[in-house]
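Okay, so here's the structure we're looking at.
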Amino acid sequence: SGWAAGMDANLKRLGAVVSLSVIDRDLATPAASPANGDRYIVPAAATGVWAGRTDQIAVRIAGVWEYHVPKIGWTCFVEDEGVLSVYKATGWSTGIAV
């Protein structure tokens, strides 16, 4: 009936934001060779396909970028900085070392 394809896509989306961790949050240009599952917080100065997506979570799914608008209170581990960041009305916090 085709339900499996829709369910698979929804599970990938859920996996993109639950226990959220991103590779980087100050990379202005999308990675040249991203792997499926790679996640980034899009910075204000982003270019290319990330332009206009400030503070959103860019997730590579099935070879394309998908974007998720964060909600106030989302917590994210920023891998390259080793910090936790919280999304507030003013954007992502600077981070708490962990």
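Within each chain, counting starts at residue 1; across the structure tokens, chains are named A, B, ... in the order shown, with ligands numbered 1 upward in that order.
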
Using only C-alpha atoms, I'd like a table of the residues in segment 45-82 of chain A that come within 8 Å of segment 21-33 of chain A; for each, show the closest atom pair and its distance in Å rounded to one decimal, ordered by chain and ascending number, as CSV.
```
residue,atom,partner,partner_atom,distance
A:Ala45,CA,A:Ala28,CA,5.8
A:Ala46,CA,A:Ala28,CA,4.1
A:Thr47,CA,A:Thr29,CA,5.5
A:Gly48,CA,A:Thr29,CA,6.6
A:Val49,CA,A:Pro30,CA,7.6
A:Trp50,CA,A:Pro30,CA,6.9
A:Cys76,CA,A:Ser21,CA,5.3
A:Phe77,CA,A:Ser21,CA,4.5
A:Val78,CA,A:Val22,CA,5.2
A:Glu79,CA,A:Ile23,CA,5.0
A:Asp80,CA,A:Asp24,CA,5.8
A:Glu81,CA,A:Asp24,CA,7.8
```

For the selection you just gave me, I'd like the residues written to a file as a PDB file, in the first residue's frame, keeping all heavy atoms.
```pdb
ATOM      1  N   ALA A  45      25.353  33.632   8.182  1.00  0.00           N
ATOM      2  CA  ALA A  45      26.074  33.990   6.955  1.00  0.00           C
ATOM      3  C   ALA A  45      26.068  32.866   5.924  1.00  0.00           C
ATOM      4  O   ALA A  45      26.872  32.871   4.991  1.00  0.00           O
ATOM      5  CB  ALA A  45      27.513  34.360   7.312  1.00  0.00           C
ATOM      6  N   ALA A  46      25.157  31.912   6.041  1.00  0.00           N
ATOM      7  CA  ALA A  46      25.162  30.746   5.155  1.00  0.00           C
ATOM      8  C   ALA A  46      24.927  31.132   3.691  1.00  0.00           C
ATOM      9  O   ALA A  46      24.227  32.090   3.389  1.00  0.00           O
ATOM     10  CB  ALA A  46      24.101  29.754   5.594  1.00  0.00           C
ATOM     11  N   THR A  47      25.520  30.324   2.815  1.00  0.00           N
ATOM     12  CA  THR A  47      25.393  30.544   1.375  1.00  0.00           C
ATOM     13  C   THR A  47      24.858  29.280   0.703  1.00  0.00           C
ATOM     14  O   THR A  47      24.670  28.256   1.341  1.00  0.00           O
ATOM     15  CB  THR A  47      26.758  30.910   0.758  1.00  0.00           C
ATOM     16  OG1 THR A  47      27.666  29.818   0.984  1.00  0.00           O
ATOM     17  CG2 THR A  47      27.331  32.175   1.375  1.00  0.00           C
ATOM     18  N   GLY A  48      24.647  29.376  -0.592  1.00  0.00           N
ATOM     19  CA  GLY A  48      24.189  28.220  -1.359  1.00  0.00           C
ATOM     20  C   GLY A  48      22.814  27.761  -0.903  1.00  0.00           C
ATOM     21  O   GLY A  48      21.946  28.573  -0.570  1.00  0.00           O
ATOM     22  N   VAL A  49      22.616  26.446  -0.848  1.00  0.00           N
ATOM     23  CA  VAL A  49      21.301  25.904  -0.489  1.00  0.00           C
ATOM     24  C   VAL A  49      20.935  26.175   0.965  1.00  0.00           C
ATOM     25  O   VAL A  49      19.772  26.010   1.350  1.00  0.00           O
ATOM     26  CB  VAL A  49      21.204  24.386  -0.790  1.00  0.00           C
ATOM     27  CG1 VAL A  49      21.350  24.121  -2.270  1.00  0.00           C
ATOM     28  CG2 VAL A  49      22.229  23.596   0.004  1.00  0.00           C
ATOM     29  N   TRP A  50      21.892  26.602   1.783  1.00  0.00           N
ATOM     30  CA  TRP A  50      21.606  26.938   3.178  1.00  0.00           C
ATOM     31  C   TRP A  50      21.190  28.400   3.361  1.00  0.00           C
ATOM     32  O   TRP A  50      20.725  28.776   4.437  1.00  0.00           O
ATOM     33  CB  TRP A  50      22.821  26.663   4.059  1.00  0.00           C
ATOM     34  CG  TRP A  50      23.090  25.224   4.321  1.00  0.00           C
ATOM     35  CD1 TRP A  50      22.394  24.135   3.865  1.00  0.00           C
ATOM     36  CD2 TRP A  50      24.150  24.700   5.118  1.00  0.00           C
ATOM     37  NE1 TRP A  50      22.957  22.990   4.326  1.00  0.00           N
ATOM     38  CE2 TRP A  50      24.041  23.291   5.097  1.00  0.00           C
ATOM     39  CE3 TRP A  50      25.184  25.267   5.835  1.00  0.00           C
ATOM     40  CZ2 TRP A  50      24.917  22.460   5.778  1.00  0.00           C
ATOM     41  CZ3 TRP A  50      26.057  24.447   6.517  1.00  0.00           C
ATOM     42  CH2 TRP A  50      25.932  23.054   6.487  1.00  0.00           C
ATOM     43  N   CYS A  76      20.918  20.890  21.934  1.00  0.00           N
ATOM     44  CA  CYS A  76      21.725  20.278  20.882  1.00  0.00           C
ATOM     45  C   CYS A  76      23.178  20.192  21.331  1.00  0.00           C
ATOM     46  O   CYS A  76      23.723  21.151  21.882  1.00  0.00           O
ATOM     47  CB  CYS A  76      21.615  21.131  19.625  1.00  0.00           C
ATOM     48  SG  CYS A  76      22.643  20.591  18.261  1.00  0.00           S
ATOM     49  N   PHE A  77      23.820  19.054  21.079  1.00  0.00           N
ATOM     50  CA  PHE A  77      25.249  18.918  21.312  1.00  0.00           C
ATOM     51  C   PHE A  77      25.971  19.341  20.039  1.00  0.00           C
ATOM     52  O   PHE A  77      25.673  18.832  18.958  1.00  0.00           O
ATOM     53  CB  PHE A  77      25.614  17.478  21.668  1.00  0.00           C
ATOM     54  CG  PHE A  77      27.088  17.298  21.927  1.00  0.00           C
ATOM     55  CD1 PHE A  77      27.678  17.849  23.053  1.00  0.00           C
ATOM     56  CD2 PHE A  77      27.888  16.604  21.035  1.00  0.00           C
ATOM     57  CE1 PHE A  77      29.038  17.701  23.293  1.00  0.00           C
ATOM     58  CE2 PHE A  77      29.245  16.445  21.263  1.00  0.00           C
ATOM     59  CZ  PHE A  77      29.825  16.989  22.394  1.00  0.00           C
ATOM     60  N   VAL A  78      26.898  20.301  20.159  1.00  0.00           N
ATOM     61  CA  VAL A  78      27.683  20.781  19.020  1.00  0.00           C
ATOM     62  C   VAL A  78      29.027  20.066  19.076  1.00  0.00           C
ATOM     63  O   VAL A  78      29.871  20.364  19.925  1.00  0.00           O
ATOM     64  CB  VAL A  78      27.851  22.321  19.063  1.00  0.00           C
ATOM     65  CG1 VAL A  78      28.605  22.804  17.829  1.00  0.00           C
ATOM     66  CG2 VAL A  78      26.493  23.011  19.177  1.00  0.00           C
ATOM     67  N   GLU A  79      29.210  19.099  18.186  1.00  0.00           N
ATOM     68  CA  GLU A  79      30.353  18.189  18.255  1.00  0.00           C
ATOM     69  C   GLU A  79      31.714  18.876  18.174  1.00  0.00           C
ATOM     70  O   GLU A  79      32.615  18.570  18.959  1.00  0.00           O
ATOM     71  CB  GLU A  79      30.228  17.141  17.148  1.00  0.00           C
ATOM     72  CG  GLU A  79      29.031  16.233  17.326  1.00  0.00           C
ATOM     73  CD  GLU A  79      28.788  15.319  16.144  1.00  0.00           C
ATOM     74  OE1 GLU A  79      29.697  15.135  15.303  1.00  0.00           O
ATOM     75  OE2 GLU A  79      27.672  14.769  16.057  1.00  0.00           O
ATOM     76  N   ASP A  80      31.898  19.800  17.220  1.00  0.00           N
ATOM     77  CA  ASP A  80      33.232  20.387  17.047  1.00  0.00           C
ATOM     78  C   ASP A  80      33.621  21.324  18.186  1.00  0.00           C
ATOM     79  O   ASP A  80      34.791  21.637  18.358  1.00  0.00           O
ATOM     80  CB  ASP A  80      33.368  21.088  15.688  1.00  0.00           C
ATOM     81  CG  ASP A  80      32.608  22.387  15.602  1.00  0.00           C
ATOM     82  OD1 ASP A  80      31.482  22.477  16.151  1.00  0.00           O
ATOM     83  OD2 ASP A  80      33.113  23.327  14.949  1.00  0.00           O
ATOM     84  N   GLU A  81      32.645  21.762  19.004  1.00  0.00           N
ATOM     85  CA  GLU A  81      32.929  22.641  20.132  1.00  0.00           C
ATOM     86  C   GLU A  81      32.863  21.898  21.462  1.00  0.00           C
ATOM     87  O   GLU A  81      33.333  22.413  22.476  1.00  0.00           O
ATOM     88  CB  GLU A  81      31.922  23.796  20.167  1.00  0.00           C
ATOM     89  CG  GLU A  81      31.955  24.686  18.937  1.00  0.00           C
ATOM     90  CD  GLU A  81      30.843  25.723  18.959  1.00  0.00           C
ATOM     91  OE1 GLU A  81      30.402  26.138  20.059  1.00  0.00           O
ATOM     92  OE2 GLU A  81      30.402  26.120  17.861  1.00  0.00           O
TER      93      GLU A  81
END
```

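With atom CA of Val98 of chain A on one side and atom CA of Leu84 of chain A on the other, the separation reads 6.9 Å.
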
Query raised in the report: Looking only at the backbone, which of the residues in chain A does DSSP tag as strand (DSSP E), as a count of residues only?
Result: 29

Requested in this report: Considering only C-alpha atoms, return as a list in words whatever protein or nucleic-acid residues lie within 8 Å of Gln56 of chain A, sequence-local ones (same chain, fewer than 6 positions apart) excluded.
Outcome: Ile41, Val42, Tyr67, His68, Val69 and Pro70 of chain A

Query raised in the report: Can you list every residue in chain A that DSSP puts in helix (DSSP H, G or I), as a PyMOL selection string?
Result: chain A and resi 3-17+48-50

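Within the 10 Å cut-off around Ala62 of chain A, using only C-alpha atoms and omitting residues fewer than 2 positions from it on the same chain, the listed residues are A:Ala9, A:Lys12, A:Ala35, A:Asn36, A:Gly37, A:Val59, A:Arg60, A:Val64, A:Trp65, A:Glu66.
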
Query - Interatomic distance (Å, one decimal) between atom CA of Ala58 of chain A and atom CA of Lys88 of chain A - result: 18.0 Å

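In this comparison, which uses only C-alpha atoms, the residue of A:Ile57, A:Leu20, A:Ala89, A:Ala44 approaching Ile72 of chain A most closely is A:Ala89.
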
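Pairwise distance (atom CA of Tyr87 of chain A, atom CA of Pro43 of chain A) equals 13.2 Å.
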
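Contact shell of Ala97 of chain A at 8 Å (only C-alpha atoms; same-chain neighbours under 2 positions omitted): Gly82, Val83, Leu84 and Gly95 of chain A.
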
Write the residues of the selection above to a file with N, CA, C and O atoms, as a PDB file, in the first residue's frame.
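Result saved to again_1.pdb:
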```
ATOM      1  N   GLY A  82      32.226  20.736  21.472  1.00  0.00           N
ATOM      2  CA  GLY A  82      32.068  19.982  22.712  1.00  0.00           C
ATOM      3  C   GLY A  82      31.182  20.682  23.720  1.00  0.00           C
ATOM      4  O   GLY A  82      31.430  20.633  24.918  1.00  0.00           O
ATOM      5  N   VAL A  83      30.119  21.349  23.236  1.00  0.00           N
ATOM      6  CA  VAL A  83      29.210  22.082  24.122  1.00  0.00           C
ATOM      7  C   VAL A  83      27.762  21.707  23.841  1.00  0.00           C
ATOM      8  O   VAL A  83      27.425  21.232  22.758  1.00  0.00           O
ATOM      9  N   LEU A  84      26.910  21.949  24.844  1.00  0.00           N
ATOM     10  CA  LEU A  84      25.474  21.866  24.665  1.00  0.00           C
ATOM     11  C   LEU A  84      24.961  23.267  24.402  1.00  0.00           C
ATOM     12  O   LEU A  84      25.376  24.218  25.058  1.00  0.00           O
ATOM     13  N   GLY A  95      26.621  28.118  24.469  1.00  0.00           N
ATOM     14  CA  GLY A  95      26.955  26.740  24.797  1.00  0.00           C
ATOM     15  C   GLY A  95      27.521  26.560  26.188  1.00  0.00           C
ATOM     16  O   GLY A  95      28.132  27.449  26.753  1.00  0.00           O
TER      17      GLY A  95
END
```

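Proximity to Thr75 of chain A was assessed for A:Ile61, A:Ile96, A:Arg53, A:Thr90 counting only C-alpha atoms; the smallest distance is recorded for A:Ile96.
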